$ cat work.pdb   # PDB, C-alpha atoms
ATOM      1  CA  MET A   1      83.684  -0.554 -20.928
ATOM      2  CA  SER A   2      80.126   0.677 -20.488
ATOM      3  CA  THR A   3      79.636  -1.737 -17.622
ATOM      4  CA  SER A   4      82.640  -0.368 -15.670
ATOM      5  CA  ILE A   5      81.561   3.264 -16.225
ATOM      6  CA  SER A   6      78.072   2.591 -14.909
ATOM      7  CA  THR A   7      79.510   0.805 -11.855
ATOM      8  CA  ASN A   8      81.744   3.762 -10.978
ATOM      9  CA  SER A   9      78.873   6.216 -11.335
ATOM     10  CA  THR A  10      76.734   4.043  -9.069
ATOM     11  CA  ASN A  11      79.469   3.997  -6.370
ATOM     12  CA  GLN A  12      79.831   7.774  -6.543
ATOM     13  CA  GLN A  13      76.069   8.232  -6.062
ATOM     14  CA  GLN A  14      76.094   5.911  -3.001
ATOM     15  CA  GLN A  15      78.968   7.843  -1.422
ATOM     16  CA  LYS A  16      77.123  11.156  -1.917
ATOM     17  CA  GLN A  17      74.001   9.691  -0.308
ATOM     18  CA  GLN A  18      76.008   8.546   2.747
ATOM     19  CA  GLN A  19      77.582  12.014   3.098
ATOM     20  CA  ASN A  20      74.142  13.675   2.960
ATOM     21  CA  THR A  21      72.855  11.226   5.593
ATOM     22  CA  ASN A  22      75.797  12.036   7.919
ATOM     23  CA  LYS A  23      75.172  15.777   7.537
ATOM     24  CA  GLN A  24      71.531  15.361   8.456
ATOM     25  CA  SER A  25      72.128  13.137  11.467
ATOM     26  CA  GLY A  26      74.998  15.238  12.814
ATOM     27  CA  GLY A  27      77.805  14.157  15.197
ATOM     28  CA  ILE A  28      79.966  15.367  18.072
ATOM     29  CA  ALA A  29      83.736  15.716  18.064
ATOM     30  CA  TRP A  30      86.019  16.915  20.869
ATOM     31  CA  ALA A  31      87.719  20.153  19.885
ATOM     32  CA  GLY A  32      90.077  20.777  22.777
ATOM     33  CA  SER A  33      90.126  21.650  26.490
ATOM     34  CA  LEU A  34      87.897  24.219  28.096
ATOM     35  CA  VAL A  35      90.792  25.417  30.240
ATOM     36  CA  GLY A  36      93.185  27.830  28.567
ATOM     37  CA  SER A  37      91.331  28.007  25.227
ATOM     38  CA  GLN A  38      92.399  30.967  23.098
ATOM     39  CA  ASN A  39      88.923  31.286  21.630
ATOM     40  CA  PRO A  40      86.428  32.034  24.446
ATOM     41  CA  VAL A  41      83.518  31.291  22.088
ATOM     42  CA  ASN A  42      84.716  27.732  21.609
ATOM     43  CA  LEU A  43      82.974  25.675  24.284
ATOM     44  CA  GLY A  44      85.039  22.564  23.660
ATOM     45  CA  TYR A  45      82.460  20.784  21.440
ATOM     46  CA  ARG A  46      82.309  20.884  17.646
ATOM     47  CA  TYR A  47      79.099  19.791  15.974
ATOM     48  CA  SER A  48      78.779  18.786  12.360
ATOM     49  CA  HIS A  49      75.645  20.922  12.077
ATOM     50  CA  ALA A  50      76.893  24.425  11.343
ATOM     51  CA  HIS A  51      73.841  26.260  12.711
ATOM     52  CA  LYS A  52      73.500  24.629  16.170
ATOM     53  CA  ARG A  53      75.649  24.626  19.343
ATOM     54  CA  TYR A  54      74.656  22.755  22.499
ATOM     55  CA  LYS A  55      75.672  23.038  26.157
ATOM     56  CA  ARG A  56      75.075  20.413  28.845
ATOM     57  CA  THR A  57      72.501  21.633  31.363
ATOM     58  CA  ASN A  58      70.494  20.195  34.221
ATOM     59  CA  ALA A  59      66.749  19.618  34.103
ATOM     60  CA  ASP A  60      66.077  23.102  35.551
ATOM     61  CA  GLY A  61      68.271  24.784  32.940
ATOM     62  CA  THR A  62      71.270  25.456  35.206
ATOM     63  CA  PRO A  63      74.777  24.618  33.896
ATOM     64  CA  TYR A  64      75.794  21.014  34.364
ATOM     65  CA  ASN A  65      78.655  20.449  36.803
ATOM     66  CA  GLU A  66      80.348  17.092  36.907
ATOM     67  CA  GLU A  67      80.784  15.677  40.424
ATOM     68  CA  ASP A  68      83.437  13.450  41.918
ATOM     69  CA  GLU A  69      82.963  10.336  44.062
ATOM     70  CA  ASP A  70      82.351  12.416  47.232
ATOM     71  CA  GLY A  71      79.589  14.447  45.592
ATOM     72  CA  ASN A  72      81.687  17.623  45.254
ATOM     73  CA  GLU A  73      81.978  19.621  42.074
ATOM     74  CA  LYS A  74      84.782  18.197  39.977
ATOM     75  CA  LEU A  75      87.589  20.707  39.496
ATOM     76  CA  PRO A  76      90.460  20.819  37.017
ATOM     77  CA  GLU A  77      93.534  18.959  38.141
ATOM     78  CA  ASN A  78      95.721  22.094  37.980
ATOM     79  CA  ILE A  79      95.345  25.840  38.517
ATOM     80  CA  VAL A  80      97.642  28.731  37.623
ATOM     81  CA  VAL A  81      98.846  30.738  40.649
ATOM     82  CA  GLN A  82     101.154  33.673  41.303
ATOM     83  CA  PHE A  83     102.993  33.766  44.640
ATOM     84  CA  SER A  84     103.785  37.065  46.381
ATOM     85  CA  ASN A  85     105.474  37.851  49.683
ATOM     86  CA  ARG A  86     103.897  40.032  52.352
ATOM     87  CA  GLU A  87     105.567  43.128  50.864
ATOM     88  CA  GLY A  88     103.629  42.515  47.636
ATOM     89  CA  GLU A  89     106.665  41.463  45.576
ATOM     90  CA  GLU A  90     105.993  38.638  43.123
ATOM     91  CA  VAL A  91     108.094  35.512  43.648
ATOM     92  CA  GLY A  92     108.695  33.430  40.543
ATOM     93  CA  ASN A  93     106.507  33.335  37.454
ATOM     94  CA  HIS A  94     103.001  31.982  36.931
ATOM     95  CA  MET A  95     102.964  28.360  38.056
ATOM     96  CA  ASP A  96     100.590  25.547  37.179
ATOM     97  CA  ILE A  97     100.176  23.568  40.420
ATOM     98  CA  PRO A  98      97.704  20.804  41.395
ATOM     99  CA  THR A  99      94.426  21.916  42.937
ATOM    100  CA  ASN A 100      94.855  19.331  45.724
ATOM    101  CA  SER A 101      98.034  21.069  46.958
ATOM    102  CA  ASN A 102      98.037  21.697  50.708
ATOM    103  CA  VAL A 103      99.961  24.178  52.849
ATOM    104  CA  ASP A 104     102.938  21.848  53.372
ATOM    105  CA  ALA A 105     103.335  21.217  49.640
ATOM    106  CA  MET A 106     103.196  24.940  48.832
ATOM    107  CA  SER A 107     105.671  25.684  51.634
ATOM    108  CA  ALA A 108     108.120  23.199  50.110
ATOM    109  CA  LEU A 109     107.604  24.858  46.716
ATOM    110  CA  ILE A 110     108.346  28.316  48.140
ATOM    111  CA  HIS A 111     111.509  27.010  49.796
ATOM    112  CA  SER A 112     112.659  25.496  46.515
ATOM    113  CA  ILE A 113     112.050  28.803  44.734
ATOM    114  CA  LEU A 114     113.875  30.889  47.332
ATOM    115  CA  ASP A 115     116.810  28.437  47.474
ATOM    116  CA  ASP A 116     117.015  27.967  43.709
ATOM    117  CA  ASP A 117     120.122  30.163  43.403
ATOM    118  CA  VAL A 118     122.254  27.718  45.443
ATOM    119  CA  ASP A 119     124.839  25.890  43.344
ATOM    120  CA  ASP A 120     125.051  22.226  44.350
ATOM    121  CA  ASP A 121     128.567  21.878  42.917
ATOM    122  CA  ASP A 122     130.144  24.258  45.441
ATOM    123  CA  ASP A 123     130.949  22.766  48.863
ATOM    124  CA  ASP A 124     130.317  26.070  50.626
ATOM    125  CA  ASP A 125     126.955  26.383  48.942
ATOM    126  CA  ILE A 126     126.119  22.787  49.891
ATOM    127  CA  ASN A 127     126.795  23.594  53.538
ATOM    128  CA  LYS A 128     124.628  26.681  53.242
ATOM    129  CA  LYS A 129     121.874  24.591  51.704
ATOM    130  CA  LYS A 130     122.069  22.040  54.517
ATOM    131  CA  LYS A 131     121.941  24.856  57.063
ATOM    132  CA  LYS A 132     118.870  26.335  55.399
ATOM    133  CA  LYS A 133     117.243  22.912  55.334
ATOM    134  CA  SER A 134     117.853  22.522  59.065
ATOM    135  CA  ASN A 135     116.296  25.985  59.622
ATOM    136  CA  TYR A 136     113.163  25.090  57.674
ATOM    137  CA  ASN A 137     110.384  27.578  58.413
ATOM    138  CA  PRO A 138     106.720  26.883  57.641
ATOM    139  CA  TYR A 139     104.612  29.403  55.744
ATOM    140  CA  SER A 140     100.997  30.468  55.826
ATOM    141  CA  PHE A 141      99.178  31.284  52.581
ATOM    142  CA  TYR A 142      96.395  33.770  51.903
ATOM    143  CA  ALA A 143      94.184  34.332  48.865
ATOM    144  CA  LYS A 144      92.490  37.630  48.045
ATOM    145  CA  ILE A 145      88.733  37.006  47.965
ATOM    146  CA  GLU A 146      86.099  39.617  47.201
ATOM    147  CA  ARG A 147      83.233  39.619  49.706
ATOM    148  CA  ASN A 148      80.365  42.048  49.267
ATOM    149  CA  GLY A 149      82.544  44.369  47.254
ATOM    150  CA  VAL A 150      85.433  44.248  49.779
ATOM    151  CA  ILE A 151      88.656  42.350  49.054
ATOM    152  CA  ASP A 152      89.707  40.257  52.035
ATOM    153  CA  ASP A 153      92.639  37.922  52.699
ATOM    154  CA  VAL A 154      91.436  34.382  53.372
ATOM    155  CA  GLU A 155      93.897  31.920  54.903
ATOM    156  CA  ILE A 156      94.311  28.532  53.232
ATOM    157  CA  THR A 157      93.962  25.912  55.951
ATOM    158  CA  SER A 158      93.612  22.701  53.934
ATOM    159  CA  THR A 159      93.888  22.494  50.120
ATOM    160  CA  LEU A 160      93.363  24.801  47.155
ATOM    161  CA  ALA A 161      90.424  22.670  46.028
ATOM    162  CA  ASN A 162      88.529  23.352  49.256
ATOM    163  CA  LEU A 163      89.273  27.074  48.941
ATOM    164  CA  ILE A 164      87.972  27.123  45.363
ATOM    165  CA  ARG A 165      84.769  25.294  46.302
ATOM    166  CA  ASP A 166      84.081  27.305  49.455
ATOM    167  CA  HIS A 167      84.515  30.712  47.816
ATOM    168  CA  LYS A 168      83.527  29.775  44.237
ATOM    169  CA  ILE A 169      86.813  30.956  42.738
ATOM    170  CA  SER A 170      87.182  30.803  38.969
ATOM    171  CA  THR A 171      89.812  28.372  37.705
ATOM    172  CA  GLU A 172      90.085  30.262  34.394
ATOM    173  CA  GLN A 173      92.019  33.134  35.987
ATOM    174  CA  VAL A 174      95.374  33.385  37.733
ATOM    175  CA  LEU A 175      94.963  32.960  41.486
ATOM    176  CA  GLY A 176      97.128  35.316  43.538
ATOM    177  CA  LEU A 177      98.546  33.808  46.752
ATOM    178  CA  THR A 178     100.424  35.714  49.455
ATOM    179  CA  PHE A 179     102.777  33.823  51.757
ATOM    180  CA  GLN A 180     104.426  34.816  55.006
ATOM    181  CA  PRO A 181     106.664  32.878  57.414
ATOM    182  CA  LEU A 182     105.275  31.571  60.687
ATOM    183  CA  ALA A 183     106.992  32.102  64.026
ATOM    184  CA  ILE A 184     108.631  29.016  65.513
ATOM    185  CA  PHE A 185     108.957  28.627  69.262
ATOM    186  CA  ARG A 186     111.686  26.172  70.100
ATOM    187  CA  VAL A 187     111.491  24.717  73.601
ATOM    188  CA  ARG A 188     114.518  23.029  74.993
ATOM    189  CA  PRO A 189     113.786  19.556  76.352
ATOM    190  CA  VAL A 190     114.263  18.804  80.029
ATOM    191  CA  THR A 191     117.518  16.880  80.161
ATOM    192  CA  ARG A 192     117.953  16.496  83.915
ATOM    193  CA  CYS A 193     115.936  16.349  87.115
ATOM    194  CA  THR A 194     116.735  19.219  89.474
ATOM    195  CA  ASP A 195     115.321  17.700  92.677
ATOM    196  CA  THR A 196     113.635  14.551  93.935
ATOM    197  CA  MET A 197     111.292  14.602  96.935
ATOM    198  CA  PRO A 198     110.547  11.088  98.211
ATOM    199  CA  GLY A 199     107.748  10.518 100.700
ATOM    200  CA  HIS A 200     104.645   8.929  99.157
ATOM    201  CA  THR A 201     104.520   5.154  99.260
ATOM    202  CA  GLU A 202     101.990   4.876  96.416
ATOM    203  CA  ALA A 203     101.336   6.705  93.164
ATOM    204  CA  ILE A 204     101.069  10.510  93.367
ATOM    205  CA  LEU A 205      97.692  11.440  91.869
ATOM    206  CA  HIS A 206      97.605  15.240  92.187
ATOM    207  CA  VAL A 207      99.985  18.108  92.998
ATOM    208  CA  SER A 208      99.375  21.859  93.291
ATOM    209  CA  TYR A 209     101.490  24.916  94.075
ATOM    210  CA  SER A 210     100.432  27.554  96.585
ATOM    211  CA  PRO A 211      99.516  30.963  95.075
ATOM    212  CA  ASP A 212     102.798  32.519  96.265
ATOM    213  CA  GLY A 213     104.778  29.600  94.788
ATOM    214  CA  ARG A 214     106.605  28.855  98.040
ATOM    215  CA  HIS A 215     104.840  25.650  99.004
ATOM    216  CA  LEU A 216     103.668  22.509  97.288
ATOM    217  CA  ALA A 217     100.968  20.027  98.252
ATOM    218  CA  SER A 218     100.410  16.535  96.926
ATOM    219  CA  GLY A 219      97.849  13.774  97.288
ATOM    220  CA  GLY A 220      98.459  10.130  96.506
ATOM    221  CA  GLY A 221      97.244   6.609  96.493
ATOM    222  CA  ASP A 222      98.651   6.091 100.007
ATOM    223  CA  THR A 223      95.659   8.210 101.278
ATOM    224  CA  THR A 224      97.949  10.972 102.574
ATOM    225  CA  VAL A 225      98.197  14.691 101.849
ATOM    226  CA  ARG A 226     101.721  16.054 102.089
ATOM    227  CA  PHE A 227     102.815  19.695 102.323
ATOM    228  CA  TRP A 228     106.310  20.363 100.981
ATOM    229  CA  ASP A 229     108.886  23.101 101.389
ATOM    230  CA  ILE A 230     110.345  23.585  97.924
ATOM    231  CA  ASN A 231     113.387  25.441  99.286
ATOM    232  CA  THR A 232     114.629  22.456 101.285
ATOM    233  CA  ASN A 233     112.778  19.774  99.240
ATOM    234  CA  LEU A 234     111.532  18.253 102.471
ATOM    235  CA  PRO A 235     107.988  17.502 103.644
ATOM    236  CA  ARG A 236     106.644  19.971 106.224
ATOM    237  CA  TYR A 237     103.471  18.136 107.244
ATOM    238  CA  THR A 238     101.759  14.846 106.436
ATOM    239  CA  GLY A 239      97.993  14.643 106.757
ATOM    240  CA  LYS A 240      96.403  11.248 107.413
ATOM    241  CA  VAL A 241      92.654  11.841 107.370
ATOM    242  CA  HIS A 242      91.544  10.273 104.090
ATOM    243  CA  LYS A 243      90.715   6.570 103.965
ATOM    244  CA  ASN A 244      91.006   6.212 100.191
ATOM    245  CA  HIS A 245      92.965   7.593  97.245
ATOM    246  CA  VAL A 246      93.348  11.393  97.284
ATOM    247  CA  LEU A 247      92.309  12.373  93.763
ATOM    248  CA  CYS A 248      92.329  16.196  93.736
ATOM    249  CA  THR A 249      93.735  19.130  95.719
ATOM    250  CA  ALA A 250      93.310  22.908  95.560
ATOM    251  CA  TRP A 251      94.696  25.985  97.348
ATOM    252  CA  SER A 252      92.474  28.951  98.165
ATOM    253  CA  PRO A 253      93.425  32.142  96.259
ATOM    254  CA  ASP A 254      94.818  33.762  99.417
ATOM    255  CA  GLY A 255      96.829  30.635 100.321
ATOM    256  CA  LYS A 256      95.300  30.387 103.813
ATOM    257  CA  ARG A 257      93.141  27.322 103.147
ATOM    258  CA  PHE A 258      93.631  24.042 101.370
ATOM    259  CA  ALA A 259      91.079  21.437 100.206
ATOM    260  CA  SER A 260      91.435  17.818  99.149
ATOM    261  CA  GLY A 261      88.950  15.228  97.856
ATOM    262  CA  ASP A 262      89.189  11.443  97.814
ATOM    263  CA  LYS A 263      87.660   8.429  96.156
ATOM    264  CA  ASN A 264      85.023   8.011  98.886
ATOM    265  CA  GLY A 265      83.558  11.485  98.209
ATOM    266  CA  LEU A 266      85.089  13.003 101.372
ATOM    267  CA  LEU A 267      86.113  16.672 101.256
ATOM    268  CA  VAL A 268      88.777  17.688 103.785
ATOM    269  CA  LEU A 269      89.718  21.296 104.546
ATOM    270  CA  TRP A 270      93.217  21.947 105.882
ATOM    271  CA  ASP A 271      95.207  24.678 107.583
ATOM    272  CA  PRO A 272      98.358  24.609 105.447
ATOM    273  CA  THR A 273     100.389  26.583 107.998
ATOM    274  CA  LYS A 274      99.964  23.785 110.569
ATOM    275  CA  GLY A 275      99.126  20.769 108.395
ATOM    276  CA  THR A 276      96.016  20.005 110.436
ATOM    277  CA  PRO A 277      92.456  19.420 109.170
ATOM    278  CA  SER A 278      89.900  22.089 109.962
ATOM    279  CA  CYS A 279      86.782  20.121 108.940
ATOM    280  CA  ASN A 280      85.597  17.027 107.085
ATOM    281  CA  LEU A 281      82.566  17.121 104.787
ATOM    282  CA  ARG A 282      80.779  14.163 103.265
ATOM    283  CA  ALA A 283      80.414  15.958  99.956
ATOM    284  CA  HIS A 284      79.387  13.262  97.448
ATOM    285  CA  HIS A 285      78.303   9.648  97.269
ATOM    286  CA  LYS A 286      80.972   8.875  94.679
ATOM    287  CA  TYR A 287      84.535  10.049  94.231
ATOM    288  CA  ILE A 288      85.369  13.737  93.887
ATOM    289  CA  THR A 289      86.927  14.551  90.536
ATOM    290  CA  ASN A 290      87.737  18.263  90.860
ATOM    291  CA  ILE A 291      87.802  21.212  93.281
ATOM    292  CA  ALA A 292      87.764  24.917  92.388
ATOM    293  CA  TRP A 293      87.792  27.958  94.701
ATOM    294  CA  GLU A 294      85.846  31.144  94.114
ATOM    295  CA  PRO A 295      88.050  33.989  92.758
ATOM    296  CA  MET A 296      89.270  36.372  95.431
ATOM    297  CA  HIS A 297      87.651  39.496  93.958
ATOM    298  CA  LYS A 298      84.149  37.929  93.906
ATOM    299  CA  ASN A 299      83.579  37.957  97.683
ATOM    300  CA  GLN A 300      85.697  40.859  98.936
ATOM    301  CA  GLY A 301      88.701  38.606  99.384
ATOM    302  CA  ALA A 302      86.984  36.263 101.850
ATOM    303  CA  CYS A 303      87.961  33.071  99.933
ATOM    304  CA  GLU A 304      85.410  30.939 101.755
ATOM    305  CA  ARG A 305      83.453  29.318  98.912
ATOM    306  CA  LEU A 306      84.407  26.463  96.653
ATOM    307  CA  VAL A 307      82.740  24.024  94.250
ATOM    308  CA  THR A 308      83.260  20.276  94.024
ATOM    309  CA  ALA A 309      82.536  17.989  91.055
ATOM    310  CA  SER A 310      81.935  14.264  91.311
ATOM    311  CA  LYS A 311      81.242  11.080  89.443
ATOM    312  CA  ASP A 312      77.662  11.221  90.778
ATOM    313  CA  ALA A 313      76.963  13.851  88.044
ATOM    314  CA  LEU A 314      76.573  16.655  90.610
ATOM    315  CA  CYS A 315      78.384  19.898  91.361
ATOM    316  CA  LYS A 316      78.060  21.375  94.871
ATOM    317  CA  ILE A 317      78.924  24.845  96.127
ATOM    318  CA  TRP A 318      80.188  24.962  99.725
ATOM    319  CA  ASN A 319      80.829  27.650 102.308
ATOM    320  CA  VAL A 320      83.875  26.433 104.185
ATOM    321  CA  ARG A 321      83.343  28.904 107.048
ATOM    322  CA  THR A 322      79.797  27.762 107.842
ATOM    323  CA  ARG A 323      80.454  24.233 106.495
ATOM    324  CA  GLN A 324      77.162  24.245 104.599
ATOM    325  CA  CYS A 325      76.224  23.324 101.046
ATOM    326  CA  LEU A 326      74.893  26.480  99.402
ATOM    327  CA  ALA A 327      73.688  24.949  96.112
ATOM    328  CA  THR A 328      73.566  21.661  94.254
ATOM    329  CA  LEU A 329      73.886  21.842  90.491
ATOM    330  CA  ALA A 330      72.227  18.931  88.705
ATOM    331  CA  GLY A 331      71.776  18.328  85.012
ATOM    332  CA  HIS A 332      74.780  16.294  83.942
ATOM    333  CA  LEU A 333      74.040  12.738  82.932
ATOM    334  CA  ASP A 334      77.479  11.363  83.670
ATOM    335  CA  CYS A 335      80.650  12.035  85.584
ATOM    336  CA  VAL A 336      81.621  15.718  85.910
ATOM    337  CA  GLU A 337      85.333  16.152  85.365
TER     338      GLU A 337
END

$ encode --input "work.pdb" --output "structure tokens"
Amino acid sequence: MSTSISTNSTNQQQQKQQQNTNKQSGGIAWAGSLVGSQNPVNLGYRYSHAHKRYKRTNADGTPYNEEDEDGNEKLPENIVVQFSNREGEEVGNHMDIPTNSNVDAMSALIHSILDDDVDDDDDDDINKKKKKKSNYNPYSFYAKIERNGVIDDVEITSTLANLIRDHKISTEQVLGLTFQPLAIFRVRPVTRCTDTMPGHTEAILHVSYSPDGRHLASGGGDTTVRFWDINTNLPRYTGKVHKNHVLCTAWSPDGKRFASGDKNGLLVLWDPTKGTPSCNLRAHHKYITNIAWEPMHKNQGACERLVTASKDALCKIWNVRTRQCLATLAGHLDCVE
């Protein structure tokens, strides 16, 4: 009997020594989530030592922020938001949505909230629901952000996570989001061809309307420039001066002159009322990519200067009346489009 009593007392002493050792060494236990904690003093860590509490910090003493694989600050997976329309009326209750939600996902959520009163068991309501689905309207979302003491509406263009990182928004508070519908412009597709104007024997490379909209000019791979009458859909004149593909055309702002450039770098000026060339200029060593006339109000309505761009990395300003190059603009390292 005495032997058993002494053994039990020895075991009790060893257990007390182990408990004292554990108290001295201390330990860490997880005590819950930081997000949504009812006790703001609780930092999410419980230590066995009653007189010490520790927080993770960087070497310089700043709070430690865990980062994801891309090097960005790691955010909670969800955030609580409150949606409101542009009149300021709250729509739905507080919602816990993912922080990686984008505009399309939030638009679908708003549609589901607004259409939640539709009863799927009623055929009439089903037809209404299908009609609403066909008339799906996108939404834009804005968050109220305080900048230098002024509250401003910031549009969400990507995800909530990017908004939170860019503007350092707290994830511990409810984020208010305002939504408003976007305008949709529906363009009817072209279902038929109104007119066909045959004439070019090769590919048409450039077309341009006259400033008054009554005439049309085109240049093509058959080296011709054709002037068209859009009322009769017939060619008025055919110019055969170019020896290579006609790549660009341009009307003067007053409609009295017309210019065309080809793949050989030749600039041809035309009288569109007669369809005859007025002069030929060897403008560039490589093909001309674009032609632009000076605006009418810049030279008292004279409309006698234009600029040509080329693959030789040069832009040249010409006076079509004197047929002289006024300036050569260099600086580009490659083709000027």

$ residues_near_point --input "work.pdb" --point "(90.4, 31.7, 41.5)" --cutoff "10 Å" --atoms "all atoms listed in the file" --output "number ranges by chain"
A: 79-81, 143-145, 160, 163-165, 167-177

$ atom_distance --input "work.pdb" --atom1 "CA of Val336 (chain A)" --atom2 "CA of Arg257 (chain A)"
23.8 Å

$ residues_around --input "work.pdb" --residues "Leu326 (chain A)" --least-positions-apart "3" --cutoff "9 Å" --atoms "all atoms listed in the file" --output "ChimeraX atom specification"
/A:316-319

$ closest_residue --input "work.pdb" --among "A:Glu304, A:Asp262, A:Asp166, A:Asp153" --to "His206 (chain A)" --atoms "only C-alpha atoms"
A:Asp262

$ resolve_selection --input "work.pdb" --expression "the PyMOL selection byres ((chain A and resi 321) around 12)" --output "ChimeraX atom specification"
/A:257,269,278-279,302-306,318-320,322-326

$ atom_distance --input "work.pdb" --atom1 "CA of Ser84 (chain A)" --atom2 "CA of Ser140 (chain A)"
11.9 Å

$ resolve_selection --input "work.pdb" --expression "the PyMOL selection byres ((chain A and resi 237-244) around 10)" --output "count of residues only"
39

$ residues_near_point --input "work.pdb" --point "(82.0, 24.0, 91.9)" --cutoff "10 Å" --atoms "all atoms listed in the file" --output "PDB file with C-alpha atoms, in the frame of the given file"
ATOM      1  CA  ASN A 290      87.737  18.263  90.860  1.00  0.00           C
ATOM      2  CA  ILE A 291      87.802  21.212  93.281  1.00  0.00           C
ATOM      3  CA  ALA A 292      87.764  24.917  92.388  1.00  0.00           C
ATOM      4  CA  TRP A 293      87.792  27.958  94.701  1.00  0.00           C
ATOM      5  CA  GLU A 294      85.846  31.144  94.114  1.00  0.00           C
ATOM      6  CA  ARG A 305      83.453  29.318  98.912  1.00  0.00           C
ATOM      7  CA  LEU A 306      84.407  26.463  96.653  1.00  0.00           C
ATOM      8  CA  VAL A 307      82.740  24.024  94.250  1.00  0.00           C
ATOM      9  CA  THR A 308      83.260  20.276  94.024  1.00  0.00           C
ATOM     10  CA  ALA A 309      82.536  17.989  91.055  1.00  0.00           C
ATOM     11  CA  SER A 310      81.935  14.264  91.311  1.00  0.00           C
ATOM     12  CA  LEU A 314      76.573  16.655  90.610  1.00  0.00           C
ATOM     13  CA  CYS A 315      78.384  19.898  91.361  1.00  0.00           C
ATOM     14  CA  LYS A 316      78.060  21.375  94.871  1.00  0.00           C
ATOM     15  CA  ILE A 317      78.924  24.845  96.127  1.00  0.00           C
ATOM     16  CA  TRP A 318      80.188  24.962  99.725  1.00  0.00           C
ATOM     17  CA  ALA A 327      73.688  24.949  96.112  1.00  0.00           C
ATOM     18  CA  THR A 328      73.566  21.661  94.254  1.00  0.00           C
ATOM     19  CA  LEU A 329      73.886  21.842  90.491  1.00  0.00           C
TER      20      LEU A 329
END

$ atom_distance --input "work.pdb" --atom1 "CA of Gly301 (chain A)" --atom2 "CA of Lys256 (chain A)"
11.4 Å

$ residues_around --input "work.pdb" --residues "Ala183 (chain A)" --least-positions-apart "6" --cutoff "10 Å" --atoms "only C-alpha atoms" --output "list in words"
Asn137, Pro138 and Tyr139 of chain A

$ closest_residue --input "work.pdb" --among "A:His285, A:Ala259, A:Asp195, A:Ala203" --to "Asn231 (chain A)" --atoms "all atoms listed in the file"
A:Asp195

$ resolve_selection --input "work.pdb" --expression "the PyMOL selection byres ((chain A and resi 102) around 8)" --output "VMD selection string"
chain A and resid 100 to 101 103 to 106 157 to 160

$ closest_residue --input "work.pdb" --among "A:Pro211, A:Pro181, A:Gly255, A:Pro98" --to "Glu77 (chain A)" --atoms "only C-alpha atoms"
A:Pro98

$ axis_aligned_box --input "work.pdb" --around "region 196-207 of chain A" --padding-each-side "4 Å" --output "lines of an AutoDock Vina configuration file"
center_x = 105.6
center_y = 11.5
center_z = 96.3
size_x = 24.0
size_y = 21.2
size_z = 16.8

$ closest_residue --input "work.pdb" --among "A:Phe179, A:Phe185, A:Tyr136, A:Trp251" --to "Gly213 (chain A)" --atoms "all atoms listed in the file"
A:Trp251
